[in-house]
file run.cif (mmCIF, C-alpha atoms)
data_run
loop_
_atom_site.label_atom_id
_atom_site.label_comp_id
_atom_site.auth_asym_id
_atom_site.auth_seq_id
_atom_site.Cartn_x
_atom_site.Cartn_y
_atom_site.Cartn_z
CA MET E 668 -108.70 0.53 264.90
CA PHE E 669 -107.44 2.71 262.06
CA GLY E 670 -109.66 0.73 259.68
CA LEU E 671 -112.74 1.40 261.82
CA LEU E 672 -111.79 5.09 262.04
CA LEU E 673 -111.42 5.30 258.25
CA ASP E 674 -114.87 3.74 257.74
CA PHE E 675 -116.26 6.40 260.10
CA ASP E 676 -114.27 9.23 258.48
CA ASN E 677 -112.77 8.48 255.03
CA TYR E 678 -110.30 11.34 255.42
CA ALA E 679 -109.06 10.42 258.91
CA PHE E 680 -105.60 9.91 257.40
CA THR E 681 -105.29 13.71 257.01
CA TYR E 682 -104.78 14.05 260.77
CA VAL E 683 -103.53 10.54 261.64
CA TYR E 684 -100.54 10.62 259.23
CA PRO E 685 -99.02 13.83 260.73
CA ILE E 686 -99.31 12.20 264.19
CA LEU E 687 -97.59 9.08 262.81
CA SER E 688 -94.77 11.22 261.38
CA ILE E 689 -94.16 12.77 264.83
CA LEU E 690 -94.15 9.30 266.37
CA GLY E 691 -91.64 8.26 263.69
CA ILE E 692 -89.29 11.12 264.59
CA ILE E 693 -89.54 10.24 268.31
CA SER E 694 -88.92 6.58 267.50
CA ILE E 695 -85.69 7.37 265.57
CA PHE E 696 -84.61 9.80 268.31
CA LEU E 697 -84.91 6.98 270.88
CA LEU E 698 -82.46 4.91 268.80
CA THR E 699 -79.92 7.75 268.81
CA LEU E 700 -79.93 7.67 272.62
CA ILE E 701 -78.47 4.14 272.61
CA ASN E 702 -74.78 4.21 273.61
CA TYR E 703 -72.35 2.35 271.41
CA ASP E 704 -68.60 2.24 270.85
CA THR E 705 -67.71 3.69 267.45
CA PRO E 706 -65.45 1.15 265.71
CA LYS E 707 -62.03 2.56 264.78
CA THR E 708 -61.85 2.86 261.03
CA ILE E 709 -58.82 3.43 258.87
CA LYS E 710 -59.54 6.26 256.45
CA VAL E 711 -58.74 5.25 252.91
CA SER E 712 -58.64 7.98 250.30
CA VAL E 713 -60.65 6.44 247.51
CA LYS E 714 -62.89 8.51 245.27
CA LEU E 715 -66.63 8.06 245.88
CA LEU E 716 -67.34 6.82 242.36
CA ASP E 717 -64.44 4.35 242.50
CA ALA E 718 -65.71 3.02 245.85
CA ILE E 719 -69.22 2.58 244.43
CA LYS E 720 -67.81 0.87 241.32
CA THR E 721 -65.78 -1.50 243.55
CA SER E 722 -68.90 -2.31 245.58
CA TYR E 723 -70.91 -3.22 242.48
CA LEU E 724 -68.01 -5.29 241.09
CA GLU E 725 -67.87 -7.11 244.42
CA LEU E 726 -71.58 -7.85 244.00
CA ILE E 727 -70.93 -9.51 240.62
CA THR E 728 -67.92 -11.45 241.99
CA ILE E 729 -69.95 -12.83 244.92
CA LEU E 730 -72.70 -14.02 242.58
CA LYS E 731 -70.19 -15.61 240.16
CA LYS E 732 -68.13 -17.45 242.79
CA ASN E 733 -70.76 -18.54 245.32
CA LYS E 734 -73.05 -20.79 243.26
CA PRO E 735 -75.45 -21.84 246.07
CA TYR E 736 -75.92 -18.15 246.89
CA ARG E 737 -76.38 -17.32 243.21
CA ASP E 738 -79.18 -19.90 243.03
CA PHE E 739 -80.67 -18.56 246.29
CA GLU E 740 -80.79 -15.05 244.83
CA GLY E 741 -82.07 -16.45 241.52
CA GLY E 742 -85.00 -18.01 243.40
CA PHE E 743 -85.51 -14.72 245.21
CA MET E 744 -85.69 -12.91 241.85
CA PHE E 745 -88.60 -15.11 240.73
CA TYR E 746 -90.28 -14.87 244.14
CA GLY E 747 -89.70 -11.09 244.28
CA PHE E 748 -91.15 -10.61 240.83
CA ALA E 749 -94.27 -12.58 241.84
CA TRP E 750 -94.70 -10.69 245.09
CA MET E 751 -94.11 -7.20 243.68
CA ALA E 752 -96.19 -7.82 240.55
CA THR E 753 -99.21 -9.00 242.55
CA ALA E 754 -99.01 -6.56 245.49
CA ALA E 755 -100.77 -3.70 243.68
CA VAL E 756 -103.17 -6.13 241.94
CA ILE E 757 -104.25 -7.58 245.32
CA THR E 758 -105.10 -4.02 246.44
CA ILE E 759 -107.15 -3.48 243.27
CA PHE E 760 -108.84 -6.89 243.69
CA MET E 761 -109.90 -6.22 247.28
CA LYS E 762 -111.19 -2.75 246.43
CA GLU E 763 -112.73 -3.10 242.97
CA PHE E 764 -113.80 -6.75 242.77
CA LEU E 765 -114.67 -7.52 246.41
CA ASN E 766 -115.51 -3.89 247.33
CA LEU E 767 -114.29 -4.39 250.90
CA ASN E 768 -114.48 -1.62 253.48
CA TYR E 769 -111.44 -0.47 255.48
CA SER E 770 -112.45 -2.55 258.53
CA SER E 771 -112.59 -5.79 256.53
CA ILE E 772 -109.22 -5.11 254.87
CA ALA E 773 -107.70 -4.34 258.27
CA PHE E 774 -109.19 -7.59 259.62
CA TYR E 775 -107.49 -9.71 256.93
CA LYS E 776 -104.17 -7.89 257.31
CA ASN E 777 -104.30 -8.23 261.12
CA LEU E 778 -105.11 -11.94 260.80
CA SER E 779 -101.90 -12.45 258.80
CA ASN E 780 -99.79 -10.48 261.23
CA ILE E 781 -101.17 -12.24 264.32
CA ILE E 782 -100.46 -15.63 262.73
CA ALA E 783 -96.97 -14.42 261.79
CA ILE E 784 -96.25 -13.29 265.38
CA ILE E 785 -97.37 -16.69 266.75
CA LEU E 786 -95.27 -18.64 264.20
CA LEU E 787 -92.09 -16.55 264.28
CA PRO E 788 -90.46 -18.31 267.28
CA PHE E 789 -91.06 -21.72 265.67
CA PHE E 790 -89.66 -20.68 262.30
CA GLY E 791 -86.82 -18.88 264.04
CA LYS E 792 -85.68 -22.23 265.44
CA LEU E 793 -86.32 -24.03 262.15
CA ILE E 794 -84.19 -21.75 259.94
CA GLY E 795 -81.11 -22.67 261.98
CA LYS E 796 -81.67 -26.38 261.35
CA LEU E 797 -82.41 -26.31 257.62
CA ASP E 798 -80.57 -25.43 254.43
CA PRO E 799 -81.76 -21.83 253.78
CA ARG E 800 -82.77 -22.84 250.25
CA LYS E 801 -85.11 -25.48 251.70
CA PHE E 802 -86.48 -22.87 254.11
CA GLY E 803 -87.00 -20.67 251.05
CA VAL E 804 -89.19 -23.41 249.55
CA TYR E 805 -91.59 -23.13 252.53
CA THR E 806 -91.62 -19.34 252.15
CA PHE E 807 -92.31 -19.37 248.42
CA LEU E 808 -94.91 -22.14 248.82
CA SER E 809 -96.85 -20.17 251.44
CA LEU E 810 -96.97 -17.12 249.14
CA LEU E 811 -98.03 -19.36 246.26
CA LEU E 812 -100.95 -20.69 248.34
CA HIS E 813 -101.84 -17.12 249.38
CA LEU E 814 -102.12 -16.13 245.71
CA LEU E 815 -103.95 -19.36 244.79
CA PHE E 816 -106.70 -18.87 247.37
CA MET E 817 -106.90 -15.16 246.48
CA MET E 818 -107.50 -16.23 242.87
CA LEU E 819 -110.11 -18.83 243.96
CA THR E 820 -112.06 -16.07 245.75
CA GLU E 821 -112.93 -14.70 242.31
CA TYR E 822 -114.68 -17.99 241.43
CA MET E 823 -115.90 -19.07 244.89
CA PRO E 824 -116.96 -15.80 246.58
CA VAL E 825 -118.69 -17.51 249.52
CA ASN E 826 -118.93 -14.86 252.20
CA PHE E 827 -120.85 -13.71 255.26
CA GLN E 828 -121.23 -10.44 257.14
CA PHE E 829 -120.05 -10.26 260.76
CA PHE E 830 -120.81 -6.80 262.17
CA LYS E 831 -118.79 -4.42 259.94
CA PHE E 832 -116.61 -7.18 258.50
CA GLN E 833 -117.24 -8.91 255.20
CA LEU E 834 -115.63 -12.33 255.49
CA TYR E 835 -114.84 -14.48 252.46
CA ILE E 836 -113.91 -18.10 253.34
CA THR E 837 -111.22 -18.46 250.65
CA LEU E 838 -109.84 -15.02 251.48
CA ILE E 839 -109.47 -16.00 255.16
CA ILE E 840 -107.53 -19.12 254.08
CA SER E 841 -105.45 -16.96 251.72
CA PHE E 842 -104.45 -14.58 254.51
CA VAL E 843 -103.69 -17.48 256.88
CA PHE E 844 -101.09 -18.59 254.32
CA ASN E 845 -99.98 -14.97 254.08
CA GLY E 846 -99.28 -15.14 257.82
CA PHE E 847 -97.02 -18.16 257.22
CA PHE E 848 -95.35 -16.22 254.42
CA ILE E 849 -94.75 -13.11 256.58
CA ALA E 850 -93.22 -15.18 259.40
CA THR E 851 -90.86 -17.13 257.13
CA MET E 852 -89.93 -14.20 254.89
CA ALA E 853 -89.08 -11.95 257.85
CA LEU E 854 -86.35 -14.45 258.77
CA LEU E 855 -85.22 -15.44 255.28
CA TRP E 856 -85.01 -11.86 253.98
CA GLY E 857 -83.24 -10.58 257.09
CA ILE E 858 -80.71 -13.33 257.83
CA GLY E 859 -80.92 -15.83 254.97
CA SER E 860 -77.88 -14.41 253.16
CA SER E 861 -75.62 -14.84 256.19
CA TYR E 862 -75.89 -18.65 255.97
CA PHE E 863 -73.95 -18.60 252.68
CA CYS E 864 -70.85 -16.76 253.88
CA LYS E 865 -68.39 -16.16 256.70
CA LYS E 866 -69.40 -13.84 259.55
CA GLU E 867 -67.22 -10.97 258.32
CA ASP E 868 -68.78 -11.10 254.82
CA ALA E 869 -72.40 -10.99 256.06
CA GLY E 870 -72.64 -7.23 255.41
CA SER E 871 -71.47 -7.57 251.80
CA TYR E 872 -73.85 -10.46 251.11
CA GLN E 873 -76.80 -8.59 252.62
CA SER E 874 -75.97 -5.54 250.48
CA VAL E 875 -76.04 -7.83 247.40
CA HIS E 876 -79.47 -9.03 248.50
CA LEU E 877 -80.79 -5.49 249.04
CA THR E 878 -79.44 -4.25 245.71
CA LEU E 879 -81.19 -7.09 243.86
CA VAL E 880 -84.43 -6.23 245.70
CA GLY E 881 -84.11 -2.67 244.43
CA PHE E 882 -83.33 -3.93 240.92
CA ARG E 883 -86.51 -5.99 240.63
CA GLY E 884 -88.44 -3.09 242.17
CA LEU E 885 -87.62 -1.12 239.00
CA PHE E 886 -89.98 -3.15 236.84
CA ALA E 887 -91.99 -5.78 238.75
CA PRO E 888 -94.79 -3.62 240.25
CA ILE E 889 -95.51 -1.86 236.93
CA VAL E 890 -95.38 -5.15 234.99
CA GLY E 891 -97.95 -6.59 237.40
CA VAL E 892 -100.44 -3.77 236.80
CA PHE E 893 -99.72 -3.95 233.06
CA PHE E 894 -100.57 -7.69 232.98
CA PHE E 895 -103.72 -7.06 235.03
CA GLU E 896 -104.97 -4.38 232.63
CA LEU E 897 -104.33 -6.67 229.65
CA PHE E 898 -105.40 -10.06 231.01
CA GLY E 899 -107.33 -9.55 234.27
CA PHE E 900 -107.00 -10.86 237.82
CA THR E 901 -106.80 -14.61 237.16
CA SER E 902 -103.96 -14.35 234.65
CA THR E 903 -101.94 -11.96 236.84
CA PHE E 904 -102.27 -14.20 239.88
CA GLY E 905 -101.48 -17.15 237.59
CA ILE E 906 -98.25 -15.50 236.43
CA GLY E 907 -97.31 -14.93 240.06
CA ILE E 908 -98.00 -18.58 240.89
CA LEU E 909 -95.94 -19.73 237.88
CA SER E 910 -93.02 -17.51 238.91
CA LEU E 911 -93.12 -18.91 242.44
CA THR E 912 -93.23 -22.48 241.08
CA ILE E 913 -90.05 -21.76 239.11
CA ALA E 914 -88.46 -20.33 242.28
CA ILE E 915 -89.34 -23.50 244.23
CA PHE E 916 -87.94 -25.80 241.53
CA LEU E 917 -84.77 -23.70 241.37
CA MET E 918 -84.27 -24.13 245.12
CA PHE E 919 -84.71 -27.92 244.93
CA TRP E 920 -82.36 -28.14 241.95
CA SER E 921 -79.72 -26.08 243.74
CA ILE E 922 -79.96 -28.16 246.94
CA LYS E 923 -79.28 -31.35 244.91
CA LYS E 924 -76.45 -29.82 242.85
CA TYR E 925 -74.57 -27.75 245.47
CA ILE E 926 -74.25 -28.82 249.09
CA LEU E 927 -73.73 -25.98 251.57
CA MET H 1171 -95.22 -13.83 284.48
CA LYS H 1172 -91.92 -14.53 286.24
CA LEU H 1173 -90.56 -15.85 282.94
CA LEU H 1174 -91.37 -12.54 281.24
CA SER H 1175 -89.68 -10.44 283.92
CA ILE H 1176 -86.75 -8.34 282.70
CA LYS H 1177 -85.04 -8.94 286.09
CA ASN H 1178 -84.54 -12.62 285.17
CA LEU H 1179 -82.36 -11.59 282.21
CA ASN H 1180 -79.61 -10.28 284.56
CA LEU H 1181 -78.84 -7.30 282.37
CA SER H 1182 -76.21 -4.69 283.18
CA LYS H 1183 -77.25 -1.02 283.52
CA ILE H 1184 -76.22 -0.19 279.95
CA GLU H 1185 -77.92 -3.32 278.57
CA LEU H 1186 -81.12 -2.49 280.47
CA LYS H 1187 -81.10 1.09 279.17
CA THR H 1188 -80.51 -0.16 275.61
CA PHE H 1189 -83.30 -2.73 275.96
CA LYS H 1190 -85.78 -0.10 277.20
CA LEU H 1191 -84.87 2.35 274.42
CA HIS H 1192 -85.05 -0.30 271.72
CA ALA H 1193 -88.32 -1.71 273.09
CA SER H 1194 -89.84 1.80 273.09
CA HIS H 1195 -88.60 2.34 269.54
CA MET H 1196 -90.15 -0.95 268.38
CA PHE H 1197 -93.43 -0.14 270.15
CA LEU H 1198 -93.74 3.14 268.23
CA GLU H 1199 -92.62 1.46 264.99
CA GLY H 1200 -95.36 -1.14 265.50
CA ILE H 1201 -98.02 1.57 265.77
CA ILE H 1202 -96.71 3.29 262.64
CA ASP H 1203 -96.40 0.07 260.61
CA GLY H 1204 -99.87 -1.03 261.71
CA ALA H 1205 -101.44 2.21 260.51
CA LEU H 1206 -99.51 2.15 257.23
CA ILE H 1207 -100.86 -1.32 256.38
CA LEU H 1208 -103.84 0.46 254.84
CA ASN H 1209 -101.71 2.95 252.87
CA GLU H 1210 -102.41 1.59 249.38
CA PHE H 1211 -106.12 1.26 250.12
CA ILE H 1212 -106.27 4.88 251.26
CA LEU H 1213 -104.69 5.85 247.92
CA VAL H 1214 -107.25 3.89 245.91
CA LYS H 1215 -110.39 4.47 248.05
CA GLY H 1216 -109.83 7.94 249.57
CA LEU H 1217 -107.63 9.63 246.99
CA PHE H 1218 -109.03 7.81 243.91
CA GLY H 1219 -105.56 6.77 242.78
CA SER H 1220 -105.10 4.98 239.46
CA HIS H 1221 -103.81 1.42 239.17
CA TYR H 1222 -100.35 2.57 238.13
CA GLN H 1223 -100.18 5.03 241.04
CA ILE H 1224 -100.64 2.11 243.45
CA SER H 1225 -97.70 0.34 241.80
CA TYR H 1226 -95.56 3.53 242.02
CA LEU H 1227 -96.37 3.84 245.73
CA PHE H 1228 -95.11 0.32 246.28
CA GLN H 1229 -92.21 0.75 243.90
CA PHE H 1230 -90.73 3.82 245.63
CA SER H 1231 -90.34 1.90 248.89
CA VAL H 1232 -88.11 -0.74 247.25
CA ILE H 1233 -86.24 1.28 244.60
CA VAL H 1234 -84.37 3.23 247.31
CA LEU H 1235 -82.51 0.01 248.12
CA LEU H 1236 -80.66 0.39 244.80
CA PHE H 1237 -78.93 3.41 246.32
CA SER H 1238 -77.95 1.59 249.51
CA VAL H 1239 -74.37 1.22 248.26
CA LEU H 1240 -74.15 4.97 247.48
CA PHE H 1241 -75.61 5.98 250.86
CA ASN H 1242 -73.28 3.58 252.66
CA GLU H 1243 -70.22 5.13 250.99
CA ILE H 1244 -71.41 8.68 251.74
CA VAL H 1245 -71.97 7.87 255.42
CA LYS H 1246 -68.51 6.21 255.67
CA ARG H 1247 -66.91 9.45 254.46
CA ARG H 1248 -68.52 11.65 257.13
#
call {"tool": "encode", "arguments": {"input": "run.cif", "output": "structure tokens"}}
result
Amino acid sequence: MFGLLLDFDNYAFTYVYPILSILGIISIFLLTLINYDTPKTIKVSVKLLDAIKTSYLELITILKKNKPYRDFEGGFMFYGFAWMATAAVITIFMKEFLNLNYSSIAFYKNLSNIIAIILLPFFGKLIGKLDPRKFGVYTFLSLLLHLLFMMLTEYMPVNFQFFKFQLYITLIISFVFNGFFIATMALLWGIGSSYFCKKEDAGSYQSVHLTLVGFRGLFAPIVGVFFFELFGFTSTFGIGILSLTIAIFLMFWSIKKYIL
Amino acid sequence: MKLLSIKNLNLSKIELKTFKLHASHMFLEGIIDGALILNEFILVKGLFGSHYQISYLFQFSVIVLLFSVLFNEIVKRR
């Protein structure tokens, strides 16, 4: 709907975004109304900088001692680099190369999300039955196929117009795989780390995961645009596909070497 | 439809209140996230953003996670 509105009025975001911000405040306020028992904590007088230093040292210790988890995060580094490097390039591709309108872009994005919603219950059951590294293989493979078909659109731009929507066959397939990726990554990113540790350590392991996400965010998006400006779309998508292939092989290698 | 009825979950009063509040929160979050799907495209089509500006927009949303340890320690001290 927002896509259709933007095609009608290119500057609709100037009044929609303030409304969204009010909705955001109301949404957070609703969470504060939830009753909960505050856990009793023992106050320890440790300096802030010392506590932060201890947290980061704990991060390094976890990665050194827990080898399956280290490999899991290693795979995530390669996947994360591929995803972050290509995210901005996909935006540029859809705007500059395909020249899609807002409605068409919204159609592809909605297609992915609808597929993800349908698949989430199935993958939710599956993640509990599989080694999380093997589940990671499915996640990385679906993103790899999303990038592959996105790249193929450049060479096979078969498309047709359906009302306001410009539909490319390979792009539809690409975003179907993106739907698989969204469904699997939502689970793997959110709860994947907890399969490598005891219940009481889940918070520490998730904080390791989040910190590494932030770390690769420092360079990956800019590197992606840099590669695109030097080598073009095909090479940038190719680098993403290569990085994901390494991530997949790392997962398989780790599963054989370290049993959870 | 009977399967989707909240009554079949046998929730206590507090659980029901929590469920309604959380469901309302997620409903609003869904509207916001759905609209923000087009954020980068608005930057490049409506605001004529450069290629690097698109990457910065994406980057800012993930870089904050680097400070998650700092924020966690600050909140614990309140």
call {"tool": "residues_around", "arguments": {"input": "run.cif", "residues": "Ser694 of chain E", "least_positions_apart": "5", "cutoff": "9 Å", "atoms": "only C-alpha atoms", "output": "list in words"}}
result
Ile689 of chain E; His1192, Ser1194, His1195, Met1196, Phe1197, Leu1198 and Glu1199 of chain H
call {"tool": "residues_around", "arguments": {"input": "run.cif", "residues": "segment 869-875 of chain E", "least_positions_apart": "3", "cutoff": "12 Å", "atoms": "only C-alpha atoms", "output": "compact mmCIF listing (two decimals) with C-alpha atoms, keeping the file's coordinate frame"}}
result
# COMPACT_ATOMS: atom_id res chain seq x y z
CA THR E 721 -65.78 -1.50 243.55
CA SER E 722 -68.90 -2.31 245.58
CA TYR E 723 -70.91 -3.22 242.48
CA LEU E 724 -68.01 -5.29 241.09
CA GLU E 725 -67.87 -7.11 244.42
CA LEU E 726 -71.58 -7.85 244.00
CA ILE E 727 -70.93 -9.51 240.62
CA THR E 728 -67.92 -11.45 241.99
CA ILE E 729 -69.95 -12.83 244.92
CA LEU E 730 -72.70 -14.02 242.58
CA ASN E 733 -70.76 -18.54 245.32
CA TYR E 736 -75.92 -18.15 246.89
CA ARG E 737 -76.38 -17.32 243.21
CA PHE E 739 -80.67 -18.56 246.29
CA GLU E 740 -80.79 -15.05 244.83
CA PHE E 743 -85.51 -14.72 245.21
CA LEU E 855 -85.22 -15.44 255.28
CA TRP E 856 -85.01 -11.86 253.98
CA GLY E 857 -83.24 -10.58 257.09
CA ILE E 858 -80.71 -13.33 257.83
CA GLY E 859 -80.92 -15.83 254.97
CA SER E 860 -77.88 -14.41 253.16
CA SER E 861 -75.62 -14.84 256.19
CA TYR E 862 -75.89 -18.65 255.97
CA PHE E 863 -73.95 -18.60 252.68
CA CYS E 864 -70.85 -16.76 253.88
CA LYS E 865 -68.39 -16.16 256.70
CA LYS E 866 -69.40 -13.84 259.55
CA THR E 878 -79.44 -4.25 245.71
CA LEU E 879 -81.19 -7.09 243.86
CA VAL E 880 -84.43 -6.23 245.70
CA GLY E 881 -84.11 -2.67 244.43
CA PHE E 882 -83.33 -3.93 240.92
CA LEU H 1235 -82.51 0.01 248.12
CA LEU H 1236 -80.66 0.39 244.80
CA PHE H 1237 -78.93 3.41 246.32
CA SER H 1238 -77.95 1.59 249.51
CA VAL H 1239 -74.37 1.22 248.26
CA LEU H 1240 -74.15 4.97 247.48
CA PHE H 1241 -75.61 5.98 250.86
CA ASN H 1242 -73.28 3.58 252.66
call {"tool": "residues_around", "arguments": {"input": "run.cif", "residues": "segment 812-824 of chain E", "least_positions_apart": "6", "cutoff": "6 Å", "atoms": "all atoms listed in the file", "output": "list in words"}}
result
Thr837, Leu838, Ser841, Phe844, Asn845 and Thr901 of chain E
call {"tool": "closest_atom_pairs", "arguments": {"input": "run.cif", "of": "chain E", "to": "chain H", "cutoff": "6 Å", "atoms": "all atoms listed in the file", "output": "Markdown table"}}
result
| residue | atom | partner | partner_atom | distance |
| --- | --- | --- | --- | --- |
| E:Leu687 | CA | H:Ile1202 | CA | 5.9 |
| E:Ser694 | CA | H:His1195 | CA | 4.7 |
| E:Leu697 | CA | H:Leu1191 | CA | 5.8 |
| E:Ile701 | CA | H:Thr1188 | CA | 5.6 |
| E:Ala755 | CA | H:Ser1225 | CA | 5.4 |
| E:Leu877 | CA | H:Leu1235 | CA | 5.8 |
| E:Thr878 | CA | H:Leu1236 | CA | 4.9 |
| E:Gly881 | CA | H:Ile1233 | CA | 4.5 |
| E:Gly884 | CA | H:Ile1233 | CA | 5.5 |
| E:Pro888 | CA | H:Ser1225 | CA | 5.2 |
| E:Ile889 | CA | H:Ser1225 | CA | 5.8 |
call {"tool": "write_last_selection", "arguments": {"input": "run.cif", "atoms": "C-alpha atoms", "output": "PDB file, in the frame of the given file"}}
result
ATOM      1  CA  LEU E 687     -97.590   9.080 262.810  1.00  0.00           C
ATOM      2  CA  SER E 694     -88.920   6.580 267.500  1.00  0.00           C
ATOM      3  CA  LEU E 697     -84.910   6.980 270.880  1.00  0.00           C
ATOM      4  CA  ILE E 701     -78.470   4.140 272.610  1.00  0.00           C
ATOM      5  CA  ALA E 755    -100.770  -3.700 243.680  1.00  0.00           C
ATOM      6  CA  LEU E 877     -80.790  -5.490 249.040  1.00  0.00           C
ATOM      7  CA  THR E 878     -79.440  -4.250 245.710  1.00  0.00           C
ATOM      8  CA  GLY E 881     -84.110  -2.670 244.430  1.00  0.00           C
ATOM      9  CA  GLY E 884     -88.440  -3.090 242.170  1.00  0.00           C
ATOM     10  CA  PRO E 888     -94.790  -3.620 240.250  1.00  0.00           C
ATOM     11  CA  ILE E 889     -95.510  -1.860 236.930  1.00  0.00           C
TER      12      ILE E 889
END
call {"tool": "closest_residue", "arguments": {"input": "run.cif", "among": "E:Leu854, E:Leu811, E:Leu671, E:Val843", "to": "Trp750 of chain E", "atoms": "all atoms listed in the file"}}
result
E:Leu811
call {"tool": "atom_distance", "arguments": {"input": "run.cif", "atom1": "atom CA of Phe802 of chain E", "atom2": "atom CA of Ile908 of chain E"}}
result
18.1 Å
call {"tool": "atom_distance", "arguments": {"input": "run.cif", "atom1": "atom CA of Arg800 of chain E", "atom2": "atom CA of Ala887 of chain E"}}
result
22.5 Å
call {"tool": "residues_around", "arguments": {"input": "run.cif", "residues": "Val804 of chain E", "least_positions_apart": "5", "cutoff": "9 Å", "atoms": "all atoms listed in the file", "output": "PDB file with C-alpha atoms, in the frame of the given file"}}
result
ATOM      1  CA  PRO E 799     -81.760 -21.830 253.780  1.00  0.00           C
ATOM      2  CA  SER E 809     -96.850 -20.170 251.440  1.00  0.00           C
ATOM      3  CA  ALA E 914     -88.460 -20.330 242.280  1.00  0.00           C
ATOM      4  CA  ILE E 915     -89.340 -23.500 244.230  1.00  0.00           C
ATOM      5  CA  PHE E 916     -87.940 -25.800 241.530  1.00  0.00           C
ATOM      6  CA  MET E 918     -84.270 -24.130 245.120  1.00  0.00           C
ATOM      7  CA  PHE E 919     -84.710 -27.920 244.930  1.00  0.00           C
TER       8      PHE E 919
END
call {"tool": "residues_around", "arguments": {"input": "run.cif", "residues": "Phe895 of chain E", "least_positions_apart": "2", "cutoff": "12 Å", "atoms": "all atoms listed in the file", "output": "JSON, numbers by chain"}}
result
{"E": [752, 753, 754, 755, 756, 757, 758, 759, 760, 888, 889, 890, 891, 892, 893, 897, 898, 899, 900, 901, 902, 903, 904, 905, 906, 907], "H": [1221, 1222, 1225]}
call {"tool": "resolve_selection", "arguments": {"input": "run.cif", "expression": "the PyMOL selection byres ((chain E and resi 768-770) around 6)", "output": "JSON, numbers by chain"}}
result
{"E": [670, 671, 674, 767, 771, 772, 773]}
call {"tool": "atom_distance", "arguments": {"input": "run.cif", "atom1": "atom CA of Leu927 of chain E", "atom2": "atom CA of Ala850 of chain E"}}
result
23.6 Å
call {"tool": "closest_residue", "arguments": {"input": "run.cif", "among": "E:Tyr684, E:Tyr678, E:Trp920, E:Phe789", "to": "Asp738 of chain E", "atoms": "all atoms listed in the file"}}
result
E:Trp920
